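Working notes, structure below.
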Amino acid sequence: MLTLQELAVAIDADLIGDPNYQISSCATLESARSDQLSFIYNKKYITDLQTTNAGVVILSDAFLAGYDGNALIVKNPYLAYAKAANVIHAAPPRLGSIHASVVIGDNANIAEDCVLAPHVVIGDDVTIGKGCYIGPGCVIANKVVIGNNLKLVANVSLGEETKIGDNVTIHPSTVIGSDGFGYAPYNDKKGWCKIPQLGHVVIGNDVEIGSNTSIDCGALDNTVIGDGVKIDNQVQIAHNVVIGDHTAIAACTGIAGSTKIGKYCTFAGGVGLVGHISITDGVHVTGMTMVTHSINEAGVYSSGTPFQKNTDWLKNAVRFKQLDKLTKKINYLIKLKKEN
């Protein structure tokens, strides 16, 4: 339990109400109990604010007129809530332990306060820093180097010579450092010759990677994930991709090989990027966009058509196929007008 005064200090908020009031957890405005904290940053939820049972609400000055309970007033309620939730729901400290079923290779260097859960497999010459949690079923291949405070939730695989910085979280069933998709076609059209994938994966500090994501090792150079990068579930990052610091990538995005992405970019769900292109800093790509060439200017980019009634979409699809003919007709009419 935390008092409102403690929370106000933690998130740098102005407090209205009882400083000794205690909060146990967080909830939505609609479902919160009297011992829970909630927040509002969108006017869409103003009705819920007026009827909430929350013990305290994080909000900005703009919402004070519609609420008379305990309040933590900030300029950015969404960010303040994130900070408060981290304080209220902080994970308890773990004591170092290694389960009896863990398999550890030769010359592994594992900090004493690490937790190794059941059925973890660790290869030779692995280094694991302080405060790490290696969850059930994780596999760490030879010569992997891990910094401090890594959390592998469960069933995560780290390929050989992967390097991971401090304060990284990787969620279940993600694979780091599997072979990239590299094949050369035989001249006689009898199949494909596999190209050895000789690079590795380097992940910076403060990175979080969702579940069922794959990050392939480099073909020659490394695949690199910068500091502060956030990657959602079911994302495919191919060999030799470089992702700049603090870029965020939403679910089902696919990034083809050797693409370089700058800092502070965002990619919404289902975005596709072809290989061997460069994306500059500060680019924001909306959902389901197909990026087919390099982007050299910061800004928001989109492609595709938004959903509509199927009957309308079918008509527009036919018209789309006719655009080239229509353009030629228009250009011809313009030419005739100029000549006359």
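How things are named: the first chain in the structure tokens is A, the next is B, and so on; residues count from 1 in each chain; ligands count from 1 in the order shown.
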
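Using only C-alpha atoms, the protein and nucleic acid residues lying no more than 10 Å from segment 103-107 of chain A, apart from those fewer than 5 places from it along its own chain, are Ile98, Leu116, Pro118, His119, Val120, Val121, Ile122, Gly123, Asp124, Asp125, Val126, Thr127, Val139, Ile140, Ala141, Asn142 and Lys143 of chain A.
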
For the alpha helix (DSSP H) assignment from backbone DSSP, which residues of segment 99-323 of chain A qualify? Please present them as a ChimeraX atom specification.
/A:310-321,323

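As for atom CA of Ala298 of chain A and atom CA of Thr280 of chain A, they are spaced 6.5 Å apart.
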
What does the distance from atom CA of Ser101 of chain A to atom CA of Leu158 of chain A come to in Å, to one decimal?
18.8 Å

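Using only C-alpha atoms, the protein and nucleic acid residues lying no more than 9 Å from Tyr67 of chain A, apart from those fewer than 6 places from it along its own chain, are A:Leu49, A:Gln50, A:Thr51, A:Val57.
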
A straight line from atom CA of Ala10 of chain A to atom CA of Ala80 of chain A spans 9.3 Å

DSSP-assigned strand (DSSP E or B) among segment 124-339 of chain A, expressed as an NGL selection string:
:A and (127-128 or 133-134 or 139-140 or 145-146 or 151-152 or 157-158 or 163-164 or 169-170 or 175-178 or 183-185 or 192-194 or 201-203 or 208-209 or 214-216 or 223-225 or 230-231 or 236-237 or 242-243 or 248-249 or 254-255 or 260-261 or 266-267 or 272-273 or 278-279 or 283-285 or 290-291 or 295 or 299-301)

For Val235 of chain A, the closest of A:Leu72, A:Ala248, A:Ile128, A:Ala84 counting only C-alpha atoms is A:Ala248

Which residues are near segment 180-197 of chain A? Cut-off 12 Å, only C-alpha atoms, ignore same chain within fewer than 6 positions. Put them as an MDAnalysis selection string.
chainID A and resid 159:160 214:223 236:241 255:258 275

Check the smallest atom-to-atom distance from each of A:Tyr41, A:Asp206, A:Ser211, A:Gly199 to Ser173 of chain A using only C-alpha atoms, then report the winner.
A:Ser211

Please provide as a PDB file with C-alpha atoms, in the first residue's frame all residues within 12 Å of Leu79 of chain A, with the sequence filter that same-chain residues fewer than 2 positions apart are discarded (counting only C-alpha atoms).
```
ATOM      1  CA  ILE A  11       5.282  11.163 -10.159  1.00  0.00           C
ATOM      2  CA  ASP A  12       5.863  14.859  -9.367  1.00  0.00           C
ATOM      3  CA  ALA A  13       2.150  15.662  -9.078  1.00  0.00           C
ATOM      4  CA  PHE A  39      -6.440   8.117 -14.622  1.00  0.00           C
ATOM      5  CA  ILE A  40      -8.029  10.086 -17.446  1.00  0.00           C
ATOM      6  CA  TYR A  41      -6.456  11.789 -20.455  1.00  0.00           C
ATOM      7  CA  ILE A  58      -4.498  11.155 -12.098  1.00  0.00           C
ATOM      8  CA  LEU A  59      -5.669  13.982 -14.331  1.00  0.00           C
ATOM      9  CA  SER A  60      -4.785  17.360 -15.768  1.00  0.00           C
ATOM     10  CA  VAL A  74      -0.116  16.587 -13.763  1.00  0.00           C
ATOM     11  CA  LYS A  75       0.450  17.926 -17.264  1.00  0.00           C
ATOM     12  CA  ASN A  76       0.661  14.485 -18.884  1.00  0.00           C
ATOM     13  CA  PRO A  77      -1.722  12.023 -17.168  1.00  0.00           C
ATOM     14  CA  TYR A  81      -0.044   6.887 -14.814  1.00  0.00           C
ATOM     15  CA  ALA A  82       2.715   4.753 -16.346  1.00  0.00           C
ATOM     16  CA  LYS A  83       5.126   5.964 -13.669  1.00  0.00           C
ATOM     17  CA  ALA A  84       2.599   5.436 -10.863  1.00  0.00           C
ATOM     18  CA  ALA A  85       1.725   1.914 -12.044  1.00  0.00           C
ATOM     19  CA  ASN A  86       5.404   0.997 -12.025  1.00  0.00           C
TER      20      ASN A  86
END
```

Quick one: contact table of segment 52-97 of chain A to segment 16-37 of chain A, 8 Å max, nearest atom pair and distance in Å to one decimal per residue, counting only C-alpha atoms, chain and number order, as JSON lines?
```
{"residue": "A:Thr52", "atom": "CA", "partner": "A:Leu29", "partner_atom": "CA", "distance": 5.3}
{"residue": "A:Asn53", "atom": "CA", "partner": "A:Arg33", "partner_atom": "CA", "distance": 5.4}
{"residue": "A:Ala54", "atom": "CA", "partner": "A:Ser34", "partner_atom": "CA", "distance": 4.8}
{"residue": "A:Gly55", "atom": "CA", "partner": "A:Ser34", "partner_atom": "CA", "distance": 4.3}
{"residue": "A:Val56", "atom": "CA", "partner": "A:Leu37", "partner_atom": "CA", "distance": 5.1}
{"residue": "A:Val57", "atom": "CA", "partner": "A:Leu37", "partner_atom": "CA", "distance": 5.8}
{"residue": "A:Ile58", "atom": "CA", "partner": "A:Leu37", "partner_atom": "CA", "distance": 7.7}
{"residue": "A:Gly69", "atom": "CA", "partner": "A:Gly17", "partner_atom": "CA", "distance": 7.0}
{"residue": "A:Asn70", "atom": "CA", "partner": "A:Gly17", "partner_atom": "CA", "distance": 4.5}
{"residue": "A:Ala71", "atom": "CA", "partner": "A:Ile16", "partner_atom": "CA", "distance": 5.1}
{"residue": "A:Leu72", "atom": "CA", "partner": "A:Ile16", "partner_atom": "CA", "distance": 6.5}
{"residue": "A:Ile73", "atom": "CA", "partner": "A:Ile16", "partner_atom": "CA", "distance": 7.7}
{"residue": "A:Ala85", "atom": "CA", "partner": "A:Cys26", "partner_atom": "CA", "distance": 6.7}
{"residue": "A:Ile88", "atom": "CA", "partner": "A:Ser25", "partner_atom": "CA", "distance": 6.2}
{"residue": "A:His89", "atom": "CA", "partner": "A:Ser25", "partner_atom": "CA", "distance": 6.9}
```
